[in-house]
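Asker: Pasting query-v9.cif below, which is mmCIF, C-alpha atoms.
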```
data_protein
loop_
_atom_site.label_atom_id
_atom_site.label_comp_id
_atom_site.auth_asym_id
_atom_site.auth_seq_id
_atom_site.Cartn_x
_atom_site.Cartn_y
_atom_site.Cartn_z
CA MET A 1 87.66 86.36 134.80
CA SER A 2 90.35 88.91 134.13
CA GLN A 3 92.40 88.54 130.97
CA GLY A 4 95.57 90.30 130.00
CA ILE A 5 98.99 90.24 128.42
CA VAL A 6 102.30 90.22 130.26
CA LEU A 7 105.57 91.41 128.75
CA PHE A 8 109.04 91.14 130.29
CA ALA A 9 111.76 93.72 129.69
CA HIS A 10 115.17 93.92 131.30
CA ASN A 11 117.70 96.10 129.52
CA ASN A 12 121.33 95.16 129.28
CA THR A 13 124.22 97.42 128.35
CA GLU A 14 123.22 97.55 124.67
CA ILE A 15 119.70 96.29 124.10
CA ASP A 16 116.92 98.65 125.12
CA TYR A 17 114.25 96.05 125.84
CA GLY A 18 112.10 98.78 127.42
CA SER A 19 111.75 100.60 124.11
CA VAL A 20 111.02 97.34 122.31
CA ALA A 21 108.32 96.60 124.91
CA ILE A 22 106.69 100.01 124.39
CA ALA A 23 106.76 99.57 120.61
CA ASN A 24 105.28 96.08 120.75
CA ALA A 25 102.67 97.05 123.35
CA THR A 26 101.38 99.81 121.04
CA MET A 27 101.15 97.21 118.27
CA ILE A 28 99.33 94.77 120.57
CA LYS A 29 96.81 97.43 121.61
CA HIS A 30 96.10 98.32 118.01
CA HIS A 31 95.97 94.85 116.44
CA MET A 32 94.54 92.80 119.29
CA GLY A 33 92.49 95.52 120.94
CA VAL A 34 93.78 94.44 124.35
CA ASN A 35 94.41 97.24 126.81
CA SER A 36 95.28 95.10 129.82
CA ILE A 37 99.02 94.92 129.37
CA THR A 38 101.40 94.49 132.29
CA LEU A 39 105.12 95.08 131.99
CA ILE A 40 107.43 93.22 134.35
CA THR A 41 110.70 95.04 134.49
CA ASP A 42 113.41 96.37 136.81
CA GLU A 43 114.44 99.70 138.26
CA GLY A 44 117.22 100.40 135.77
CA THR A 45 115.00 99.66 132.76
CA VAL A 46 112.21 101.88 134.12
CA ARG A 47 114.68 104.71 134.73
CA HIS A 48 115.95 104.42 131.17
CA MET A 49 112.37 104.28 129.82
CA ASN A 50 111.47 107.44 131.72
CA ASN A 51 114.50 109.20 130.26
CA THR A 52 113.76 108.03 126.74
CA TRP A 53 109.98 108.22 126.44
CA ASP A 54 107.29 110.73 127.27
CA LYS A 55 105.49 109.84 130.51
CA ASN A 56 102.09 109.97 128.75
CA ILE A 57 103.22 107.36 126.25
CA ILE A 58 104.41 105.00 128.99
CA ASP A 59 101.26 105.52 131.09
CA SER A 60 98.90 105.03 128.18
CA THR A 61 100.72 101.94 126.95
CA PHE A 62 100.78 99.83 130.09
CA GLU A 63 98.03 99.09 132.56
CA ASN A 64 100.61 98.09 135.19
CA ILE A 65 104.35 98.28 135.45
CA LYS A 66 105.71 95.80 137.97
CA VAL A 67 109.23 96.49 139.11
CA VAL A 68 111.11 93.43 140.28
CA LYS A 69 114.62 93.06 141.57
CA ARG A 70 117.13 92.26 138.87
CA ARG A 71 119.78 89.95 140.17
CA ARG A 72 123.35 89.90 138.98
CA ILE A 73 123.71 86.74 136.98
CA ASP A 74 126.35 85.00 135.00
CA ASN A 75 124.21 84.41 131.95
CA ASN A 76 125.55 85.79 128.71
CA LYS A 77 123.99 85.56 125.32
CA ARG A 78 125.30 86.22 121.84
CA TYR A 79 123.38 89.15 120.33
CA ARG A 80 123.81 89.58 116.59
CA ASP A 81 123.02 92.56 114.45
CA THR A 82 123.18 90.68 111.14
CA ARG A 83 126.35 88.75 110.30
CA HIS A 84 128.42 91.92 110.70
CA THR A 85 128.12 92.49 114.46
CA VAL A 86 128.09 90.10 117.36
CA ASN A 87 128.25 90.98 121.05
CA LEU A 88 128.29 88.80 124.13
CA LEU A 89 125.94 90.54 126.55
CA PRO A 90 124.15 89.68 129.80
CA PHE A 91 120.71 88.20 129.30
CA TYR A 92 118.47 89.09 132.24
CA ASN A 93 115.10 88.02 130.85
CA ILE A 94 115.16 84.69 132.64
CA ASN A 95 112.39 85.31 135.17
CA ARG A 96 109.58 84.02 132.94
CA SER A 97 108.78 81.29 135.48
CA THR A 98 107.68 83.92 138.02
CA VAL A 99 104.82 85.00 135.78
CA TYR A 100 102.33 82.78 137.62
CA THR A 101 102.73 84.81 140.81
CA GLU A 102 103.46 88.17 139.14
CA THR A 103 100.52 88.28 136.73
CA PRO A 104 97.49 90.25 137.88
CA TYR A 105 95.24 88.30 135.49
CA ASP A 106 93.34 85.00 135.75
CA GLU A 107 94.09 84.32 132.10
CA THR A 108 97.49 85.47 130.92
CA LEU A 109 99.10 85.60 127.54
CA VAL A 110 102.86 86.06 127.82
CA ILE A 111 104.49 87.53 124.75
CA ASP A 112 108.19 88.15 124.19
CA VAL A 113 108.79 91.81 123.42
CA ASP A 114 110.50 90.81 120.18
CA TYR A 115 107.45 88.88 118.94
CA LEU A 116 105.92 91.75 116.98
CA ILE A 117 102.14 91.53 116.93
CA CYS A 118 100.47 92.50 113.65
CA ASN A 119 97.12 90.66 113.85
CA ASP A 120 94.52 89.52 116.38
CA SER A 121 94.94 85.75 116.03
CA LEU A 122 96.22 85.39 119.60
CA ASN A 123 92.87 86.65 120.89
CA ALA A 124 91.60 83.13 120.21
CA VAL A 125 93.28 81.96 123.43
CA TRP A 126 90.81 83.69 125.75
CA ASN A 127 88.35 81.32 127.46
CA HIS A 128 90.10 78.37 125.86
CA LYS A 129 89.29 74.88 127.15
CA GLU A 130 92.97 74.19 127.84
CA ASN A 131 94.75 75.75 130.83
CA LEU A 132 98.15 75.93 129.17
CA LEU A 133 99.00 76.54 125.52
CA ILE A 134 102.48 76.74 124.04
CA ASN A 135 103.86 76.13 120.55
CA LYS A 136 106.59 73.78 119.47
CA HIS A 137 106.76 74.88 115.86
CA SER A 138 108.07 78.07 114.34
CA ARG A 139 108.57 78.72 110.64
CA ASP A 140 111.40 80.75 109.28
CA LEU A 141 110.25 83.68 107.19
CA LEU A 142 112.85 82.62 104.65
CA ALA A 143 111.10 79.56 103.27
CA ASP A 144 114.09 77.36 102.45
CA ARG A 145 115.97 78.01 105.69
CA HIS A 146 115.55 75.63 108.58
CA ASP A 147 117.50 75.53 111.84
CA ARG A 148 117.38 72.08 113.41
CA ALA A 149 118.21 73.58 116.80
CA PHE A 150 114.57 74.73 116.82
CA ASP A 151 113.22 71.19 116.38
CA ARG A 152 114.82 69.60 119.43
CA VAL A 153 116.90 70.88 122.32
CA ASP A 154 119.63 68.49 121.21
CA ASP A 155 120.15 66.16 118.22
CA PHE A 156 118.87 63.24 120.27
CA GLY A 157 116.89 65.34 122.71
CA ILE A 158 113.34 66.28 123.52
CA ASP A 159 111.06 68.51 121.43
CA PHE A 160 111.82 72.21 121.45
CA TYR A 161 109.05 74.48 122.74
CA TRP A 162 108.94 78.25 122.22
CA ALA A 163 108.56 80.42 125.32
CA THR A 164 108.08 83.33 122.89
CA ALA A 165 104.32 83.24 123.35
CA PHE A 166 102.29 81.12 125.72
CA TYR A 167 98.95 81.22 127.44
CA PHE A 168 97.85 79.96 130.83
CA ARG A 169 94.83 80.10 133.06
CA LYS A 170 95.46 80.11 136.80
CA SER A 171 94.64 76.66 138.11
CA ALA A 172 96.12 73.99 140.35
CA GLU A 173 97.55 72.35 137.23
CA THR A 174 99.33 75.42 135.88
CA GLU A 175 100.61 76.31 139.35
CA ILE A 176 102.39 72.94 139.39
CA PHE A 177 103.79 73.67 135.93
CA PHE A 178 105.28 77.02 136.95
CA ASN A 179 106.60 75.60 140.23
CA LEU A 180 108.28 72.91 138.17
CA LEU A 181 109.73 75.60 135.91
CA GLU A 182 111.14 77.38 138.98
CA ALA A 183 112.71 74.13 140.14
CA ILE A 184 114.28 73.59 136.71
CA LYS A 185 115.69 77.11 136.77
CA ALA A 186 117.07 76.69 140.28
CA ASN A 187 118.78 73.42 139.33
CA TYR A 188 119.55 74.27 135.73
CA PRO A 189 123.06 72.73 135.52
CA TYR A 190 121.57 69.38 136.55
CA PHE A 191 118.61 69.51 134.15
CA LYS A 192 120.61 70.75 131.21
CA THR A 193 123.05 67.88 131.67
CA LEU A 194 120.20 65.41 132.07
CA TYR A 195 118.58 66.60 128.85
CA GLY A 196 121.85 66.85 126.91
CA ILE A 197 121.66 70.59 126.35
CA SER A 198 125.10 71.76 125.35
CA SER A 199 124.68 75.55 125.47
CA TYR A 200 126.23 77.15 128.53
CA ASN A 201 123.65 79.84 129.25
CA PHE A 202 120.11 79.58 130.59
CA ARG A 203 117.47 79.79 127.91
CA ASN A 204 113.75 80.14 128.59
CA ASP A 205 112.86 77.96 125.60
CA HIS A 206 114.99 75.10 126.92
CA ALA A 207 113.60 75.38 130.47
CA PHE A 208 110.05 75.35 129.07
CA SER A 209 110.88 72.40 126.81
CA ILE A 210 112.11 70.42 129.82
CA ALA A 211 109.08 71.42 131.90
CA VAL A 212 106.65 70.46 129.11
CA HIS A 213 108.41 67.11 128.66
CA MET A 214 108.15 66.35 132.39
CA PHE A 215 104.58 67.64 132.49
CA ASN A 216 103.72 65.34 129.58
CA GLY A 217 104.76 62.41 131.78
CA TYR A 218 108.35 62.26 130.52
CA ALA A 219 107.00 61.47 127.09
CA ASN A 220 105.99 63.01 123.82
CA SER A 221 102.37 62.59 124.81
CA GLY A 222 101.07 65.95 123.67
CA LEU A 223 99.17 66.69 126.88
CA VAL A 224 100.35 70.27 126.60
CA LYS A 225 98.55 71.74 123.61
CA PRO A 226 99.62 74.37 121.07
CA LEU A 227 98.25 77.87 120.68
CA PRO A 228 95.24 78.22 118.31
CA VAL A 229 97.65 79.02 115.48
CA ASP A 230 100.03 76.15 116.07
CA PHE A 231 103.16 77.76 114.63
CA LEU A 232 105.07 80.97 115.16
CA GLN A 233 107.04 82.72 112.46
CA HIS A 234 110.51 84.11 112.95
CA THR A 235 113.48 85.83 111.41
CA LEU A 236 117.02 85.15 112.62
CA ASP A 237 119.44 87.60 114.16
CA TYR A 238 121.37 87.44 110.87
CA ASP A 239 118.39 89.24 109.29
CA GLU A 240 117.35 92.85 109.51
CA LEU A 241 113.97 94.45 110.14
CA TYR A 242 114.63 97.51 107.99
CA ASP A 243 111.28 99.24 107.90
CA VAL A 244 107.78 99.36 109.30
CA SER A 245 106.12 101.19 106.44
CA SER A 246 102.55 101.10 107.73
CA LYS A 247 100.56 99.50 110.53
CA GLY A 248 101.10 95.74 110.44
CA SER A 249 103.53 95.90 107.53
CA LEU A 250 107.09 94.78 108.26
CA SER A 251 109.96 94.86 105.77
CA PHE A 252 112.94 92.57 106.20
CA LEU A 253 116.25 91.68 104.67
CA LEU A 254 116.68 87.93 105.07
CA GLU A 255 120.11 86.41 104.81
CA LYS A 256 120.47 83.94 101.97
CA VAL A 257 121.10 80.37 103.01
CA ARG A 258 124.17 79.75 100.90
CA GLU A 259 125.50 83.31 100.63
CA HIS A 260 126.22 84.64 104.08
CA GLY A 261 126.03 88.41 104.35
CA LYS A 262 123.79 88.65 101.26
CA PHE A 263 120.08 89.18 101.57
CA ILE A 264 116.76 88.88 99.84
CA PRO A 265 113.99 91.34 100.68
CA ALA A 266 110.71 90.23 102.25
CA ARG A 267 107.55 91.96 103.38
CA THR A 268 104.80 90.78 105.67
CA ASP A 269 101.36 92.29 106.13
CA GLY A 270 99.33 91.29 109.14
CA VAL A 271 101.72 88.54 110.24
CA ASN A 272 103.09 88.18 113.78
CA VAL A 273 106.86 87.83 113.51
CA HIS A 274 109.43 86.88 116.13
CA VAL A 275 112.30 89.19 115.23
CA MET A 276 115.51 87.85 116.72
CA ASN A 277 117.68 90.80 115.71
CA LYS A 278 116.84 93.00 118.72
CA TYR A 279 119.06 95.83 117.51
CA SER A 280 116.91 96.22 114.42
CA ILE A 281 113.70 96.47 116.50
CA VAL A 282 115.29 99.09 118.77
CA ARG A 283 116.14 101.09 115.63
CA GLN A 284 112.48 100.94 114.52
CA SER A 285 110.89 101.45 117.95
CA LYS A 286 110.48 105.24 117.75
CA LYS A 287 108.90 104.99 114.31
CA ILE A 288 106.55 102.23 115.48
CA VAL A 289 105.38 104.19 118.53
CA GLU A 290 104.86 107.37 116.49
CA MET A 291 102.92 105.44 113.85
CA TYR A 292 100.68 103.60 116.31
CA SER A 293 100.06 106.40 118.75
CA MET B 1 127.76 83.49 77.97
CA THR B 2 128.33 87.25 78.03
CA ASP B 3 128.49 89.15 81.32
CA ASP B 4 125.16 90.75 80.53
CA ARG B 5 123.46 87.39 80.15
CA LEU B 6 124.94 86.17 83.42
CA HIS B 7 123.88 89.37 85.15
CA LYS B 8 120.32 88.99 83.86
CA ALA B 9 120.20 85.33 84.93
CA LEU B 10 121.35 86.19 88.45
CA GLU B 11 118.85 89.03 88.63
CA PHE B 12 116.10 86.65 87.55
CA ALA B 13 117.23 84.06 90.14
CA ASN B 14 116.92 86.74 92.81
CA TYR B 15 113.48 87.65 91.54
CA ARG B 16 112.35 84.01 91.55
CA GLN B 17 113.67 83.49 95.07
CA THR B 18 111.92 86.59 96.36
CA PHE B 19 108.72 85.63 94.52
CA PHE B 20 108.77 82.13 95.97
CA ASN B 21 109.43 83.47 99.47
CA GLN B 22 106.63 86.04 99.28
CA LYS B 23 104.29 83.30 98.12
CA GLN B 24 105.27 81.16 101.12
CA ILE B 25 104.64 84.13 103.42
CA LEU B 26 101.16 84.53 101.92
CA LYS B 27 100.52 80.80 102.22
CA ASN B 28 101.56 80.72 105.89
CA LYS B 29 99.45 83.79 106.58
CA SER B 30 96.41 82.14 105.01
CA GLU B 31 97.01 78.95 106.95
CA ALA B 32 97.16 80.91 110.22
CA LEU B 33 94.00 82.83 109.39
CA LEU B 34 92.14 79.62 108.58
CA SER B 35 92.06 78.81 112.27
CA TYR B 36 88.72 79.48 113.96
CA SER B 37 88.16 79.38 117.71
CA THR B 38 84.80 79.16 119.44
CA GLN B 39 83.42 77.83 122.70
CA GLY B 40 86.89 77.05 124.01
CA GLY B 41 87.86 74.94 121.00
CA THR B 42 89.97 75.58 117.93
CA PHE B 43 89.10 74.41 114.43
CA LYS B 44 91.05 74.41 111.20
CA VAL B 45 88.73 75.73 108.53
CA THR B 46 89.07 73.17 105.75
CA GLN B 47 86.94 72.13 102.82
CA GLU B 48 86.26 68.87 104.72
CA LEU B 49 85.01 70.67 107.84
CA ILE B 50 82.74 72.91 105.76
CA ALA B 51 81.31 69.93 103.84
CA PHE B 52 80.89 67.85 107.01
CA VAL B 53 79.08 70.56 108.96
CA GLY B 54 77.10 71.51 105.84
CA THR B 55 75.73 67.98 105.58
CA PHE B 56 74.22 68.16 109.06
CA VAL B 57 72.91 71.69 108.60
CA GLN B 58 71.11 70.46 105.47
CA GLN B 59 69.53 67.75 107.60
CA ASP B 60 68.26 70.45 110.00
CA TYR B 61 70.56 69.64 112.90
CA ASN B 62 70.74 72.65 115.23
CA GLU B 63 73.61 71.47 117.41
CA MET B 64 76.32 68.83 117.40
CA VAL B 65 79.60 67.88 119.00
CA LEU B 66 82.74 68.35 116.93
CA LEU B 67 86.30 67.30 117.73
CA ASP B 68 88.61 70.30 117.57
CA VAL B 69 92.31 70.35 116.58
CA ASN B 70 93.24 69.12 120.05
CA GLU B 71 90.64 66.37 119.77
CA ASN B 72 88.58 67.92 122.54
CA PRO B 73 84.83 67.44 122.08
CA ILE B 74 83.27 70.86 121.58
CA LYS B 75 79.51 71.26 121.64
CA ILE B 76 78.41 73.66 118.92
CA ASP B 77 75.11 75.14 120.09
CA ASP B 78 74.19 76.93 116.88
CA LEU B 79 75.38 74.79 113.99
CA LYS B 80 74.04 77.09 111.28
CA ALA B 81 75.82 80.12 112.72
CA PHE B 82 79.01 78.04 113.01
CA LEU B 83 78.77 77.05 109.35
CA THR B 84 78.19 80.65 108.32
CA GLU B 85 81.26 81.72 110.31
CA ILE B 86 83.62 79.11 108.88
CA VAL B 87 82.39 79.58 105.33
CA SER B 88 82.80 83.32 105.57
CA ARG B 89 86.29 82.87 107.11
CA TYR B 90 87.21 80.49 104.28
CA PHE B 91 86.09 82.88 101.54
CA GLU B 92 87.65 85.90 103.21
CA VAL B 93 91.05 84.23 103.53
CA THR B 94 91.19 82.46 100.17
CA ASN B 95 89.92 85.53 98.28
CA ASP B 96 92.54 87.66 99.98
CA TYR B 97 95.22 85.08 99.12
CA HIS B 98 94.06 85.05 95.50
CA LYS B 99 94.03 88.86 95.29
CA GLN B 100 97.51 89.26 96.76
CA TYR B 101 98.95 86.39 94.72
CA SER B 102 97.48 87.82 91.49
CA GLU B 103 98.99 91.21 92.30
CA MET B 104 102.35 89.56 92.89
CA GLN B 105 102.22 87.84 89.51
CA THR B 106 101.96 91.19 87.73
CA LYS B 107 105.16 92.46 89.33
CA ARG B 108 108.21 91.66 87.27
CA ARG B 109 110.91 93.25 89.43
CA THR B 110 112.27 92.13 92.80
CA ALA B 111 111.82 95.53 94.43
CA LYS B 112 108.19 95.70 93.30
CA LEU B 113 107.41 92.37 94.96
CA VAL B 114 108.09 93.77 98.41
CA GLU B 115 106.92 97.31 97.82
CA PRO B 116 104.49 98.51 100.52
CA ALA B 117 100.90 98.48 99.29
#
```
Can you turn what I pasted into structure tokens?

Answerer:
Amino acid sequence: MSQGIVLFAHNNTEIDYGSVAIANATMIKHHMGVNSITLITDEGTVRHMNNTWDKNIIDSTFENIKVVKRRRIDNNKRYRDTRHTVNLLPFYNINRSTVYTETPYDETLVIDVDYLICNDSLNAVWNHKENLLINKHSRDLLADRHDRAFDRVDDFGIDFYWATAFYFRKSAETEIFFNLLEAIKANYPYFKTLYGISSYNFRNDHAFSIAVHMFNGYANSGLVKPLPVDFLQHTLDYDELYDVSSKGSLSFLLEKVREHGKFIPARTDGVNVHVMNKYSIVRQSKKIVEMYS
Amino acid sequence: MTDDRLHKALEFANYRQTFFNQKQILKNKSEALLSYSTQGGTFKVTQELIAFVGTFVQQDYNEMVLLDVNENPIKIDDLKAFLTEIVSRYFEVTNDYHKQYSEMQTKRRTAKLVEPA
């Protein structure tokens, strides 16, 4: 049975997802020891990657690069670079549901490029008894900060699931799940109204949350299980990843809960962190690649 | 209260907040590392699991079925090896937690708490 990791990267006018993907893939190779990494991207992102990075680095980082057509979409997302900068930019990374047909592997671990991998705990998914694993909990790196929008898709809505990292094994069951996900995406205005989701744009996490809820028999039945480590850890886009001082060591400035624009420092060693401030990862990407390669 | 006293109090509050946060980061890290997967199942390495498995190893059981975190029945073929693995994982993680926490306690300045090792 083939096993591998799939990353998605579609640049927009400001965020260089391609560079973030290269940086994270080098971290994945080092910390997880997985060399089977496939990047699903588009022509424009590949062109930009080729102009930015040495060909040897790109070739040695990815086992496959799958170029898919990027469609023009009306799906904008607010990208923050701490409290000081906010930009409304197109968000193209909405093709996560196609991973079932795009993946070359029997067992696939899908990781968001901004979920920086600093340990091998996700290796525990391989040969798992369950065909689909996805988490519904994520802990803020700032201990006393908690965003309720990450508990449920709406105040009175269903549980929130994180599409940041999930595992699946190809099977009749998971094929149904990803077909359902495609159907939700195709009819998103209907489903988002049905589930009381108030945000205008399409969000992978919300589509997955709906799909998991339906897959669980329209109930909180827990048929869909969590990853072996049943929580992710994240920093918000109000925070800053300001340094990667050594392999697996990330330094952050985390915005204080009651003093916006003021920070406390934090450091993690060997912890996977979902870094929502993409700008700050792009700024560190060169350093990360140099350090890891 | 003089300005200097206030300044020192605020500095100390910052230090305490950073200390508490770093401790939580260590705690979460340890919790994540205390997950052990084998034979398609996932187990939380706890004192209870170690004691439970230890009881049966002492009674010379070679294999047994355990319920994992998802309540799936997982057949453990080599119970002794499983016990060795979870005990070693437990010591590794808790010793590391203790070492890093002790180091943190010796640092009296905010910047030192997050200084790269």

Asker: Report the residues retrieved by the PyMOL selection byres ((chain B and resi 105) around 12) from the displayed file, expressed as a VMD selection string.

Answerer: chain B and resid 15 to 16 18 to 20 22 to 23 98 to 104 106 to 110 112 to 113

Asker: Please identify all polymer residues within 9 Å of Thr26 in chain A, counting all atoms listed in the file, omitting same-chain residues fewer than 2 positions from it, and present them as a PyMOL selection string.

Answerer: chain A and resi 21-24+28-31+61+288-289+292-293

Asker: Quote the spacing between CA of Asp205 in chain A and CA of Tyr161 in chain A in Å to one decimal place.

Answerer: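 If I compute the distance from CA of Asp205 in chain A to CA of Tyr161 in chain A, I get 5.9 Å.
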
Asker: Starting from the point (111.7, 87.4, 102.0), work out which residues of protein, DNA or RNA have an atom no more than 10 Å away when counting all atoms listed in the file; state them as a PDB file with C-alpha atoms, in the coordinates of the input.

Answerer:
```pdb
ATOM      1  CA  ASP A 140     111.400  80.750 109.280  1.00  0.00           C
ATOM      2  CA  LEU A 141     110.250  83.680 107.190  1.00  0.00           C
ATOM      3  CA  LEU A 142     112.850  82.620 104.650  1.00  0.00           C
ATOM      4  CA  ALA A 143     111.100  79.560 103.270  1.00  0.00           C
ATOM      5  CA  THR A 235     113.480  85.830 111.410  1.00  0.00           C
ATOM      6  CA  SER A 251     109.960  94.860 105.770  1.00  0.00           C
ATOM      7  CA  PHE A 252     112.940  92.570 106.200  1.00  0.00           C
ATOM      8  CA  LEU A 253     116.250  91.680 104.670  1.00  0.00           C
ATOM      9  CA  LEU A 254     116.680  87.930 105.070  1.00  0.00           C
ATOM     10  CA  GLU A 255     120.110  86.410 104.810  1.00  0.00           C
ATOM     11  CA  LYS A 256     120.470  83.940 101.970  1.00  0.00           C
ATOM     12  CA  PHE A 263     120.080  89.180 101.570  1.00  0.00           C
ATOM     13  CA  ILE A 264     116.760  88.880  99.840  1.00  0.00           C
ATOM     14  CA  PRO A 265     113.990  91.340 100.680  1.00  0.00           C
ATOM     15  CA  ALA A 266     110.710  90.230 102.250  1.00  0.00           C
ATOM     16  CA  ARG A 267     107.550  91.960 103.380  1.00  0.00           C
ATOM     17  CA  THR A 268     104.800  90.780 105.670  1.00  0.00           C
TER      18      THR A 268
ATOM     19  CA  GLN B  17     113.670  83.490  95.070  1.00  0.00           C
ATOM     20  CA  THR B  18     111.920  86.590  96.360  1.00  0.00           C
ATOM     21  CA  PHE B  19     108.720  85.630  94.520  1.00  0.00           C
ATOM     22  CA  PHE B  20     108.770  82.130  95.970  1.00  0.00           C
ATOM     23  CA  ASN B  21     109.430  83.470  99.470  1.00  0.00           C
ATOM     24  CA  GLN B  22     106.630  86.040  99.280  1.00  0.00           C
ATOM     25  CA  LYS B  23     104.290  83.300  98.120  1.00  0.00           C
ATOM     26  CA  GLN B  24     105.270  81.160 101.120  1.00  0.00           C
ATOM     27  CA  ILE B  25     104.640  84.130 103.420  1.00  0.00           C
ATOM     28  CA  LEU B 113     107.410  92.370  94.960  1.00  0.00           C
ATOM     29  CA  VAL B 114     108.090  93.770  98.410  1.00  0.00           C
TER      30      VAL B 114
END
```

Asker: Could you write out as a VMD selection string the residues of chain A within 9 Å of chain B, counting all atoms listed in the file?

Answerer: chain A and resid 121 124 to 130 139 141 to 144 225 to 226 228 to 231 233 245 to 246 249 to 251 264 to 271

Asker: Quick one: residues within 9 Å of Arg80 in chain A, only C-alpha atoms, excluding same-chain residues fewer than 4 positions away - as a PyMOL selection string?

Answerer: chain A and resi 84-88+237-238+276-279

Asker: Around all of range 231-243 of chain A's listed atoms, make the axis-aligned box with 8 Å on each side and tell me centre and edge lengths in Å to one decimal, as lines of an AutoDock Vina configuration file.

Answerer:
```
center_x = 112.3
center_y = 88.5
center_z = 111.5
size_x = 34.2
size_y = 37.5
size_z = 23.3
```

Asker: Given the file shown, enumerate the residues that the PyMOL selection byres ((chain A and resi 107) around 10) captures and present them as a list in words.

Answerer: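 That selection, the PyMOL selection byres ((chain A and resi 107) around 10), comes back as Met1, Ser2, Gln3, Gly4, Ile5, Thr103, Pro104, Tyr105, Asp106, Thr108, Leu109, Val110, Val125, Trp126, Asn127, His128, Asn131, Leu132, Tyr167, Phe168, Arg169, Lys170 and Ser171 of chain A.
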
Asker: Can I get the selection written as a PDB file, in the coordinates of the input, with C-alpha atoms?

Answerer:
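Written file, selection.pdb:
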```
ATOM      1  CA  MET A   1      87.660  86.360 134.800  1.00  0.00           C
ATOM      2  CA  SER A   2      90.350  88.910 134.130  1.00  0.00           C
ATOM      3  CA  GLN A   3      92.400  88.540 130.970  1.00  0.00           C
ATOM      4  CA  GLY A   4      95.570  90.300 130.000  1.00  0.00           C
ATOM      5  CA  ILE A   5      98.990  90.240 128.420  1.00  0.00           C
ATOM      6  CA  THR A 103     100.520  88.280 136.730  1.00  0.00           C
ATOM      7  CA  PRO A 104      97.490  90.250 137.880  1.00  0.00           C
ATOM      8  CA  TYR A 105      95.240  88.300 135.490  1.00  0.00           C
ATOM      9  CA  ASP A 106      93.340  85.000 135.750  1.00  0.00           C
ATOM     10  CA  THR A 108      97.490  85.470 130.920  1.00  0.00           C
ATOM     11  CA  LEU A 109      99.100  85.600 127.540  1.00  0.00           C
ATOM     12  CA  VAL A 110     102.860  86.060 127.820  1.00  0.00           C
ATOM     13  CA  VAL A 125      93.280  81.960 123.430  1.00  0.00           C
ATOM     14  CA  TRP A 126      90.810  83.690 125.750  1.00  0.00           C
ATOM     15  CA  ASN A 127      88.350  81.320 127.460  1.00  0.00           C
ATOM     16  CA  HIS A 128      90.100  78.370 125.860  1.00  0.00           C
ATOM     17  CA  ASN A 131      94.750  75.750 130.830  1.00  0.00           C
ATOM     18  CA  LEU A 132      98.150  75.930 129.170  1.00  0.00           C
ATOM     19  CA  TYR A 167      98.950  81.220 127.440  1.00  0.00           C
ATOM     20  CA  PHE A 168      97.850  79.960 130.830  1.00  0.00           C
ATOM     21  CA  ARG A 169      94.830  80.100 133.060  1.00  0.00           C
ATOM     22  CA  LYS A 170      95.460  80.110 136.800  1.00  0.00           C
ATOM     23  CA  SER A 171      94.640  76.660 138.110  1.00  0.00           C
TER      24      SER A 171
END
```

Asker: Convert the output of the PyMOL selection byres ((chain B and resi 61) around 12) on the shown file into explicit residues, formatted as a list in words.

Answerer: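 Residues picked by the PyMOL selection byres ((chain B and resi 61) around 12): Val53, Gly54, Thr55, Phe56, Val57, Gln58, Gln59, Asp60, Asn62, Glu63, Met64, Val65, Ile76, Asp77, Asp78, Leu79, Lys80, Ala81, Phe82 and Leu83 of chain B.
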
Asker: What is the distance, in Å and to one decimal place, between CA of Ala207 in chain A and CA of Gly18 in chain A?

Answerer: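 Separation between CA of Ala207 in chain A and CA of Gly18 in chain A: 23.6 Å.
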
Asker: For range 69-76 of chain A, please output as a list in words all residues within 7 Å (counting all atoms listed in the file; exclusion window: fewer than 5 positions along the same chain).

Answerer: Asp42, Leu88, Leu89, Pro90, Phe91, Asn201 and Phe202 of chain A

Asker: How far is it from CA of Asn95 in chain A to CA of Asp155 in chain A, in Å with one decimal?

Answerer: 26.7 Å

Asker: With distances taken over all atoms listed in the file, which of B:Asn95, B:Arg89, B:Lys27, B:Val45 is nearest to Asp68 in chain B?

Answerer: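 Between B:Asn95, B:Arg89, B:Lys27, B:Val45, the residue approaching Asp68 in chain B most closely is B:Val45.
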
Asker: Which is closest to Ala165 in chain A among A:Tyr92, A:Phe8, A:Tyr115, A:Tyr79, if we use all atoms listed in the file?

Answerer: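 Closest candidate: A:Tyr115.
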
Asker: Could you check which of A:Ser60, A:Thr52, A:Thr41, A:Ser97 is closest to Ala186 in chain A, using all atoms listed in the file?

Answerer: A:Ser97

Asker: Please write range 132-136 of chain A of the preceding block to a file containing N, CA and C atoms, as an mmCIF file, in the first residue's frame?

Answerer:
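Final output, decode-v9.cif:
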```cif
data_model
loop_
_atom_site.group_PDB
_atom_site.id
_atom_site.type_symbol
_atom_site.label_atom_id
_atom_site.label_comp_id
_atom_site.auth_asym_id
_atom_site.auth_seq_id
_atom_site.Cartn_x
_atom_site.Cartn_y
_atom_site.Cartn_z
ATOM 1 N N LEU A 132 -10.723 7.194 7.805
ATOM 2 C CA LEU A 132 -10.757 8.663 7.732
ATOM 3 C C LEU A 132 -10.515 9.230 9.132
ATOM 4 N N LEU A 133 -9.558 10.123 9.226
ATOM 5 C CA LEU A 133 -9.236 10.731 10.525
ATOM 6 C C LEU A 133 -9.138 12.244 10.359
ATOM 7 N N ILE A 134 -9.849 12.962 11.198
ATOM 8 C CA ILE A 134 -9.805 14.431 11.130
ATOM 9 C C ILE A 134 -10.098 14.990 12.521
ATOM 10 N N ASN A 135 -9.433 16.083 12.865
ATOM 11 C CA ASN A 135 -9.577 16.620 14.224
ATOM 12 C C ASN A 135 -10.657 17.686 14.327
ATOM 13 N N LYS A 136 -11.266 17.742 15.504
ATOM 14 C CA LYS A 136 -12.201 18.850 15.733
ATOM 15 C C LYS A 136 -11.709 19.791 16.830
#
```
